[in-house]
Structures are given as C-alpha cells and as structure tokens.
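Asker: Dropping a structure here in structure tokens format, bear with me for questions.
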Amino acid sequence: MSAGLKVLAPGLHTTVQDLGRPGYQAFGVPVSGALDGFSLRLANALVGNRLGTPAIEILISGPAFEVVADTVRVALAGAGAGLAIGAEKKRFAAGQSVTVPRGEVVQVVVGHQSASCYLAVEGGIAVPLVLGSASTYVRAAIGGLDGRALRQGDFVPLAIARASDRPELRLSSPVPGTGDQPIRVVLGPQQEYFTEEAVATLLDNEFRISQSADRMGMRLDGTLLRHRRGWDIVSDAIMTGAIQVPGSGQPILLLADHQTTGGYPKIATVISADLRVVGSRRPGDSLRFAEVTVETAEALCRDAERLLTEMVTRLEPVPDGPKLDLGSLYDDNLISGVVSGLD
Amino acid sequence: MTVRFLSAGDRALVAEFGDRVDRTLSDDVLRLDASLRSSGLPGLVETVPTFRSLMVHYDPLVTSRADLEDAIAGLLDRQGEPRGSATLWRVPVCYEGEYAPDLAEVARLTRLTPGDVAALHSGVRYHVYMIGFLPGFPYLGDLPPQLALPRRADPRVRVPAGSVSIATTLTAIYPYESPGGWHLIGMTPIRLFDVTRPRPALLNPGDIIQIEPIDPPSFASVKQAVDSGNYQVANEPIIQ
C-alpha cells in the first residue's frame with residue numbers, strides 16, 4: 001500500500017511547494033515555490049531531507065492529516081507555529097522533528113506570529129515534478145497535487161512508508177525573529193515614474209496588507225503613490241518582491257506566483273533576504289519599508305544564506321525522544337490559536 | 001544603441017534599450033539574450049526578454065550586479081553577431097462564426113468588412129516579441145495599421161483557450177482560458193503550451209508566425225488531431 005497523508009481538513013490555502021521552477025519565465029511561467037524559502041529549507045533539514053525537497057506550505061489556517069504509512073517523520077518551521085498530534089493533541093512547537101505512527105492525526109496550528117509555516121516530511125512529498133519542480137501554481141493548474149490547493153479527502157503521497165531509525169532533531173537556537181522590522185527595498189526599476197513625494201511616502205509611511213492578498217501578491221492600503229510620468233509602461237519583466245503601482249496609486253507587492261510580465265511601473269523591489277518576512281505577514285498587518293543599495297541587499301542575501309547554513313549545521317538531537325511542548329515554547333497567543341484551531 | 005541598467009532588487013537587473021514596442025529594440029534585446037544564454041557566465045540564473053528590455057536573474061551568492069553589468073557591457077560591444085536560430089510557424093486560425101465573436105465589431109470599428117479584417121490579419125508575418133501574462137501567451141506584432149484598436153472597454157471574464165486577439169499594434173493567442181480585454185477575431189485549435197511536451201512552449205521570443213486561415217470543418221479536424229496527439233504545427237527554420 002502506498003504511503004501518504006490523508007487530508008482531514010485542508011486549512012485555508014495549503015499547497016505542495018519546493019524552491020520553485022526557475023528557467024521558464026521567458027515562457028510566461030512564474031517561478032512559484034515557497035513564499036518563505038528559508039523556513040521550507042529549515043523544515044526539510046529537520047527531517048533529514050535535501051533542503052529543496054517538496055514540502056507543504058500552510059497559510060493563515062492549518063490543515064489536519066491522518067497518517068497513512070507505518071510511521072512518518074514530520075517537522076514544522078515557522079514562527080509561533082506548532083503541531084497537535086494524536087487523540088490527546090500532544091503539542092510540539094515548530095523547530096523539531098517528531099515521528100508519528102499510522103492512524104494518528106497531525107493538526108498544524110499556524111499561531112499568531114507568522115501567516116505561513118512549512119511542514120516537511122522525511123523523504124518528501126511524492127508528486128510528479130512539472131518543469132523540474134513540485135511547486136503548485138494554481139492559475140495554470142500545474143505542479144503539486146493536480147495543480148491546486150489541498151482539499152478534504154485528498155491523499156498526499158509520500159516518498160517513503162517508514163521513518164528512518166534515528167534520533168529526532170531540533171534547532172539548537174530559535175530562528176532570529178523578524179518582529180516588526182522594516183521591509184528593506186531597492187528602489188526601481190521604475191522609480192522615475194513617480195513623484196519624489198511618492199518615493200518618500202513609500203519609505204516614510206506605514207502600509208497595511210489588505211484582504212486582497214494571496215500567493216500572487218498583496219495589495220497594500222495606505223497613502224496612495226502618485227505617478228509623475230503616467231502609469232502605463234511598455235510591458236516588461238517582473239521580479240518577485242516588486243512593488244507595482246497601477247493607476248489607482250495603490251501599491252501591490254508581488255509574490256511567488258506573480259505574472260512574469262506586466263505593464264505597470266514598479267517603484268521598488270523587496271530584497272530577497274526580506275521576502276520571508278513578507279511571507280510571514282497576513283492581511284491586516286502593517287508594513288514599513290526602508291531603502292538599501294543593491295550592494296547592501298546582495299550582502300544581506302549572503303548573510304541570510306550563512307544564517308541558514310549555520311542553523312542547519314547546528315541541528316542537535318532531541319535527548320529523550322521528541323520533546324513535549326509544555327507551554328514554555330508557546331506564547332499566550334499560540335495557545336489561544338491552538339484552541340481556536342482545534343475547535 | 002544605448003542601454004540603461006535598472007535595479008530589480010538583489011537577484012535581477014534590467015538591461016533597457018528603450019521604451020517603445022519596436023522591432024529594432026526587440027532585436028537588440030533578443031541578441032543580448034542569445035549572447036548571455038551562450039555566455040556561460042557564472043551565477044546567471046535565467047533571462048526574460050520583453051519588448052524593450054531584458055531581465056537578467058542572477059545568484060548573488062555567486063556573482064554581483066557590478067560584475068554582471070561589466071560582463072553585459074562587454075557582450076554588447078561585440079555587436080553584429082547573429083542572434084541564433086529562430087523558427088517560422090504556420091498557425092491555423094478560423095475567423096468564422098462562433099470562433100470570431102468580436103470580428104463584426106472590429107469590422108465596424110475599422111470600417112472594413114469581416115473578410116477584409118481576416119485577410120489583413122492573416123496577410124502579414126508576425127514577430128514574437130515576448131511571452132508573458134500567462135504561460136505560453138505570445139505578444140505578436142506588428143498588426144497592419146488598419147487593424148489598430150484600443151483594448152475593449154469591458155474586458156471579458158472568460159476568454160476561451162485558443163482565442164486569437166488584437167489590441168493596440170499587437171495580436172496575441174490565449175493559451176488558457178483567462179480574463180482578457182483584447183478583441184477576439186479568430187481561434188486556433190493548436191496548443192501553445194503543454195507541460196507534457198519536452199519543450200512546453202511552442203513559440204520562442206524571436207520566432208515568426210504565419211497564419212493560415214481555415215474553415216470550421218478544418219478547425220474541427222485539426223482540433224481532433226491535436227487532442228489525439230497526432231498534429232504537428234508546420235514549421236521551418238529561418239536564417240537571420
């Protein structure tokens with residue numbers, strides 16, 4: 001019998017993702033992939049996978065799975081998230097692996113600190129690769145499980161039917177928090193299409209993520225950004241993290257599933273190191289932006305990569321089997337999140 | 001030829017040649033694209049050609065914006081190289097009845113007969129400027145000037161896959177059902193994008209399209225052949 005996770009409850013928007021499918025943007029195919037690739041890679045490391053192995057991206061509200069395999073080793077990454085396992089709903093914080101036997105239920109609780117978290121399974125999610133990637137791109141119905149978000153009753157196939165016999169792993173130190181730090185941007189490519197006041201407004205004011213937010217992008221509420229040279233450009237290519245401003249003046253921050261090209265000017269681009277911060281924010285959260293140079297952004301990208309490497313190389317075995325989380329790792333918000341998530 | 005380098009964060013830069021939809025600019029873009037693709041530059045991830053600029057994605061763990069700008073400037077100095085292979089595709093299109101829901105309106109707006117619109121539209125060869133908006137969606141041009149119209153005032157929520165459309169100086173084919181604001185004057189039974197093919201996108205930027213008008217019975221038979229996997233779009237290499 002094939003191994004898998006049976007979806008008892010799908011959550012809000014739960015998809016199979018890896019690090020995306022670069023190489024096809026010239027043919028109109030978005031890169032897609034995890035909104036927070038840092039956490040996806042960390043979750044994979046915790047279960048002993050290669051870091052880019054297909055895993056499950058969970059947004060806003062968590063799914064519940066029944067284990068249909070001898071045992072599965074799972075790990076969650078994402079600030080404040082946790083797992084509730086089995087009939088007793090034993091709680092395990094993100095940042096450690098745990099092995100779950102057949103028939104048990106794994107409930108993912110997103111919590112209040114981050115809008116996204118990543119569930120990795122030892123061996124990986126066994127969906128066919130499309131153009132070299134398992135990432136789900138819903139708009140063209142490619143990748144993942146039939147090109148769509150998970151639904152109740154789905155069977156998510158797993159690559160291995162039994163967890164390997166070895167100690168569980170955990171992070172030796174927590175992931176440095178991102179709190180309410182400003183999101184760093186490089187101005188451009190089309191900042192000259194905007195008034196000086198618009199650029200100043202972007203950098204000085206607070207914006208709020210509107211309800212119109214998904215994997216393609218998030219509309220930001222706040223002071224409108226005025227164009228100086230019109231809002232219709234000859235279509236050009238779009239980078240993930242670009243902040244495009246259509247005629248309305250309301251900025252849209254473009255995320256992993258964004259269209260590859262578009263005809264609105266882009267005032268600035270979120271640096272790659274801060275995309276995971278954006279991916280952790282939810283509708284209603286506020287955002288502030290701060291300008292950095294390309295050189296600084298490149299250095300910050302290398303810093304983030306070094307941090308990930310350090311965290312992966314410093315994973316440590318859990319001393320006496322999986323550590324039960326007895327509240328010390330949870331904040332009050334998460335406990336209320338657990339309750340509402342399970343009720 | 002002048003190029004400007006624009007910032008697109010720390011993992012991409014834009015080499016911009018101008019700000020118009022223009023064949024000369026497009027040729028500059030595609031020539032740089034071809035030389036970058038064959039350059040073997042370390043840290044180059046992928047390139048995305050558009051009407052008047054090329055986005056160059058790079059890995060800042062391997063290279064930097066500064067190094068890449070220097071390398072691109074060096075490539076641009078070696079002008080006049082051919083930009084490599086391209087293909088002429090003969091694309092069957094039906095301009096009749098249900099396949100052409102906006103043809104009568106386009107004829108009215110352009111003061112032509114529907115037959116003239118179809119004859120004009122299929123009477124020139126189109127350059128594939130770029131692919132974007134949707135997987136495999138080609139922006140083709142230029143239209144005969146008599147057919148230039150603004151986009152529809154009321155975009156459709158659902159444009160069927162295969163729709164052949166016009167707007168501004170361009171024509172395009174919808175590879176998937178999608179919302180769309182262009183005028184629909186015909187339909188092709190061929191598949192522009194299919195992830196099950198080794199090369200999923202039929203067209204490459206820089207290819208040339210020649211439309212072959214077909215009648216509804218031919219549309220039906222080509223469609224059947226496409227669906228059963230027995231149709232090959234006629235094509236030939238072109239020398240540039």
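Every chain in the structure tokens takes a letter, A first, then B, and so on in the order presented; its residues are numbered from 1, and the ligands are numbered from 1 following the presented order.
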Show me, as a VMD selection string, the residues of chain A whose atoms get within 9 Å of chain B, using only C-alpha atoms for the distance check.

Answerer: chain A and resid 22 to 30 130 to 131 139 to 140 142 185 to 190 233 to 242 259 to 262 266 268 to 272 293 to 299 301 to 302 305

Asker: Residues as selected, N, CA and C atoms, written as a compact mmCIF listing (two decimals), in the first residue's frame, can you do that?

Answerer:
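Wrote it out as part-v5.txt, contents follow:
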```txt
# COMPACT_ATOMS: atom_id res chain seq x y z
N PRO A 22 12.58 27.92 -11.53
CA PRO A 22 13.24 28.94 -12.35
C PRO A 22 13.57 28.36 -13.73
N GLY A 23 13.76 29.23 -14.69
CA GLY A 23 14.20 28.78 -16.01
C GLY A 23 13.10 28.85 -17.06
N TYR A 24 11.87 29.14 -16.65
CA TYR A 24 10.76 29.16 -17.62
C TYR A 24 10.04 30.50 -17.66
N GLN A 25 10.63 31.52 -17.01
CA GLN A 25 9.94 32.82 -17.00
C GLN A 25 9.89 33.42 -18.41
N ALA A 26 10.86 33.10 -19.26
CA ALA A 26 10.84 33.61 -20.63
C ALA A 26 9.64 33.04 -21.40
N PHE A 27 9.04 31.97 -20.86
CA PHE A 27 7.86 31.38 -21.50
C PHE A 27 6.59 31.67 -20.70
N GLY A 28 6.69 32.65 -19.80
CA GLY A 28 5.49 33.08 -19.08
C GLY A 28 5.16 32.26 -17.86
N VAL A 29 6.08 31.39 -17.42
CA VAL A 29 5.78 30.53 -16.27
C VAL A 29 6.42 31.13 -15.02
N PRO A 30 5.60 31.52 -14.03
CA PRO A 30 6.17 32.09 -12.80
C PRO A 30 7.05 31.08 -12.08
N VAL A 130 6.86 18.99 -12.36
CA VAL A 130 6.44 19.62 -13.60
C VAL A 130 7.45 20.71 -13.91
N LEU A 131 8.10 20.62 -15.06
CA LEU A 131 9.17 21.54 -15.42
C LEU A 131 10.19 21.63 -14.29
N ARG A 139 -2.94 28.97 -10.88
CA ARG A 139 -3.55 29.68 -12.00
C ARG A 139 -3.45 28.88 -13.30
N ALA A 140 -2.35 28.15 -13.49
CA ALA A 140 -2.24 27.32 -14.69
C ALA A 140 -2.41 25.85 -14.34
N ILE A 142 -0.68 23.75 -12.55
CA ILE A 142 0.48 22.87 -12.71
C ILE A 142 1.17 22.65 -11.37
N VAL A 185 14.00 47.55 0.82
CA VAL A 185 13.76 47.57 -0.62
C VAL A 185 14.93 48.24 -1.33
N VAL A 186 15.10 47.86 -2.60
CA VAL A 186 15.96 48.60 -3.52
C VAL A 186 15.01 49.38 -4.41
N LEU A 187 15.22 50.69 -4.57
CA LEU A 187 14.35 51.46 -5.45
C LEU A 187 14.51 50.99 -6.89
N GLY A 188 13.44 51.10 -7.67
CA GLY A 188 13.49 50.72 -9.07
C GLY A 188 12.77 49.42 -9.32
N PRO A 189 12.63 49.02 -10.59
CA PRO A 189 13.25 49.61 -11.78
C PRO A 189 12.63 50.92 -12.28
N GLN A 190 11.41 51.27 -11.88
CA GLN A 190 10.80 52.47 -12.49
C GLN A 190 10.51 53.57 -11.50
N ILE A 233 3.25 51.53 -18.72
CA ILE A 233 4.56 51.39 -19.34
C ILE A 233 4.49 50.28 -20.39
N VAL A 234 5.44 50.27 -21.31
CA VAL A 234 5.56 49.14 -22.24
C VAL A 234 5.92 47.93 -21.38
N SER A 235 5.10 46.87 -21.45
CA SER A 235 5.25 45.73 -20.54
C SER A 235 6.70 45.27 -20.47
N ASP A 236 7.14 45.01 -19.23
CA ASP A 236 8.46 44.42 -19.06
C ASP A 236 8.39 43.34 -17.99
N ALA A 237 9.53 42.75 -17.68
CA ALA A 237 9.54 41.59 -16.79
C ALA A 237 9.40 42.04 -15.33
N ILE A 238 8.85 41.16 -14.52
CA ILE A 238 8.60 41.45 -13.10
C ILE A 238 9.45 40.53 -12.24
N MET A 239 10.08 41.10 -11.22
CA MET A 239 10.85 40.34 -10.24
C MET A 239 9.99 40.09 -9.01
N THR A 240 10.10 38.92 -8.41
CA THR A 240 9.41 38.66 -7.15
C THR A 240 9.83 39.69 -6.12
N GLY A 241 8.86 40.26 -5.42
CA GLY A 241 9.16 41.31 -4.45
C GLY A 241 8.93 42.70 -5.01
N ALA A 242 8.68 42.80 -6.32
CA ALA A 242 8.45 44.11 -6.94
C ALA A 242 7.19 44.74 -6.35
N GLN A 259 2.58 37.23 -12.15
CA GLN A 259 2.78 37.12 -13.59
C GLN A 259 4.21 37.53 -13.93
N THR A 260 4.73 36.91 -15.00
CA THR A 260 6.14 37.16 -15.33
C THR A 260 6.37 38.54 -15.94
N THR A 261 5.32 39.11 -16.55
CA THR A 261 5.46 40.42 -17.18
C THR A 261 4.25 41.28 -16.83
N GLY A 262 4.40 42.58 -16.97
CA GLY A 262 3.27 43.45 -16.68
C GLY A 262 3.53 44.86 -17.15
N LYS A 266 7.03 49.87 -11.54
CA LYS A 266 7.39 49.26 -10.26
C LYS A 266 8.33 50.22 -9.53
N ALA A 268 9.75 49.97 -6.49
CA ALA A 268 10.84 49.41 -5.68
C ALA A 268 10.69 47.89 -5.67
N THR A 269 11.73 47.21 -5.17
CA THR A 269 11.73 45.75 -5.10
C THR A 269 12.20 45.32 -3.71
N VAL A 270 11.42 44.49 -3.04
CA VAL A 270 11.81 43.97 -1.73
C VAL A 270 13.04 43.08 -1.91
N ILE A 271 14.03 43.24 -1.03
CA ILE A 271 15.27 42.46 -1.17
C ILE A 271 14.98 40.99 -0.84
N SER A 272 15.78 40.09 -1.43
CA SER A 272 15.46 38.67 -1.30
C SER A 272 15.50 38.20 0.15
N THR A 293 20.92 49.89 -0.68
CA THR A 293 21.52 49.82 -2.01
C THR A 293 21.53 48.36 -2.47
N VAL A 294 21.74 48.18 -3.78
CA VAL A 294 21.86 46.82 -4.32
C VAL A 294 23.00 46.07 -3.63
N GLU A 295 24.14 46.76 -3.42
CA GLU A 295 25.30 46.10 -2.81
C GLU A 295 24.95 45.61 -1.40
N THR A 296 24.25 46.47 -0.64
CA THR A 296 23.84 46.05 0.71
C THR A 296 22.88 44.87 0.63
N ALA A 297 21.95 44.93 -0.31
CA ALA A 297 20.96 43.85 -0.45
C ALA A 297 21.65 42.54 -0.79
N GLU A 298 22.66 42.60 -1.67
CA GLU A 298 23.41 41.39 -2.01
C GLU A 298 24.13 40.84 -0.78
N ALA A 299 24.70 41.75 0.03
CA ALA A 299 25.40 41.31 1.25
C ALA A 299 24.40 40.69 2.23
N CYS A 301 21.67 39.17 1.45
CA CYS A 301 21.31 37.85 0.90
C CYS A 301 22.34 36.82 1.34
N ARG A 302 23.62 37.19 1.24
CA ARG A 302 24.68 36.26 1.65
C ARG A 302 24.61 36.00 3.15
N GLU A 305 21.90 33.52 3.88
CA GLU A 305 22.33 32.18 3.48
C GLU A 305 23.27 31.58 4.53
```

Asker: Could you please write out, as a list of chain:residue names, every residue of segment 37-188 of chain A that DSSP assigns to helix (DSSP H, G or I)?

Answerer: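 Filtering segment 37-188 of chain A to helix (DSSP H, G or I) leaves A:Gly37, A:Phe38, A:Ser39, A:Leu40, A:Arg41, A:Leu42, A:Ala43, A:Asn44, A:Ala45, A:Leu46, A:Val138, A:Arg139, A:Ala140.
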
Asker: May I ask which of the residues B:Gly115, B:Tyr129, B:Tyr99, B:Leu109 is the closest one to Ala161 of chain B, counting only C-alpha atoms?

Answerer: B:Tyr99

Asker: Would you list, as a list in words, the residues of segment 158-226 of chain B that end up in strand (DSSP E) under DSSP run on this structure's backbone?

Answerer: Arg158, Val159, Ser163, Val164, Ser165, Ile166, Ala167, Leu170, Thr171, Ala172, Ile173, Ser178, Pro179, Gly180, His183, Leu184, Ile185, Gly186, Met187, Ile208, Ile209, Gln210, Ile211, Glu212, Pro213 and Ile214 of chain B

Asker: Met187 of chain B: which residues within 6 Å, counting only C-alpha atoms, same-chain residues fewer than 3 positions away excluded, as a compact mmCIF listing (two decimals) with C-alpha atoms, in the first residue's frame?

Answerer:
```txt
# COMPACT_ATOMS: atom_id res chain seq x y z
CA VAL B 93 -6.75 30.09 -37.47
CA CYS B 94 -10.50 30.07 -38.10
CA TYR B 99 -14.72 31.29 -33.39
CA GLY B 162 -7.04 29.34 -28.42
CA SER B 163 -8.62 32.77 -28.95
CA VAL B 164 -6.74 34.92 -31.44
```

Asker: Report as a list in words all protein, DNA and RNA residues lying within 12 Å of Ala104 of chain B, evaluated on only C-alpha atoms, omitting residues in the same chain fewer than 6 positions from it.

Answerer: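 Residues near the query, excluding close chain neighbours: Tyr95, Glu96, Gly97, Glu98, Thr110, Arg111, Leu112, Thr113, Pro114, Gly115, Asp116, Val117, Ala118, His183, Leu184, Ile185 and Gly186 of chain B.
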
Asker: Keeping only C-alpha atoms, take the residues you just selected and write them out as an mmCIF file, in the first residue's frame.

Answerer:
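Here's the written file result01.cif:
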```
data_model
loop_
_atom_site.group_PDB
_atom_site.id
_atom_site.type_symbol
_atom_site.label_atom_id
_atom_site.label_comp_id
_atom_site.auth_asym_id
_atom_site.auth_seq_id
_atom_site.Cartn_x
_atom_site.Cartn_y
_atom_site.Cartn_z
ATOM 1 C CA TYR B 95 -12.005 33.569 -38.496
ATOM 2 C CA GLU B 96 -15.623 32.423 -38.814
ATOM 3 C CA GLY B 97 -18.799 32.229 -36.758
ATOM 4 C CA GLU B 98 -18.508 31.267 -33.112
ATOM 5 C CA THR B 110 -12.176 49.739 -38.579
ATOM 6 C CA ARG B 111 -14.697 50.378 -41.414
ATOM 7 C CA LEU B 112 -13.699 47.161 -43.117
ATOM 8 C CA THR B 113 -15.610 44.007 -43.976
ATOM 9 C CA PRO B 114 -15.088 40.959 -41.731
ATOM 10 C CA GLY B 115 -13.441 39.257 -44.703
ATOM 11 C CA ASP B 116 -11.029 42.191 -45.080
ATOM 12 C CA VAL B 117 -10.150 42.048 -41.379
ATOM 13 C CA ALA B 118 -9.338 38.332 -41.663
ATOM 14 C CA HIS B 183 -10.788 41.815 -29.313
ATOM 15 C CA LEU B 184 -11.367 38.186 -30.300
ATOM 16 C CA ILE B 185 -11.276 37.792 -34.079
ATOM 17 C CA GLY B 186 -10.448 34.114 -34.506
#
```
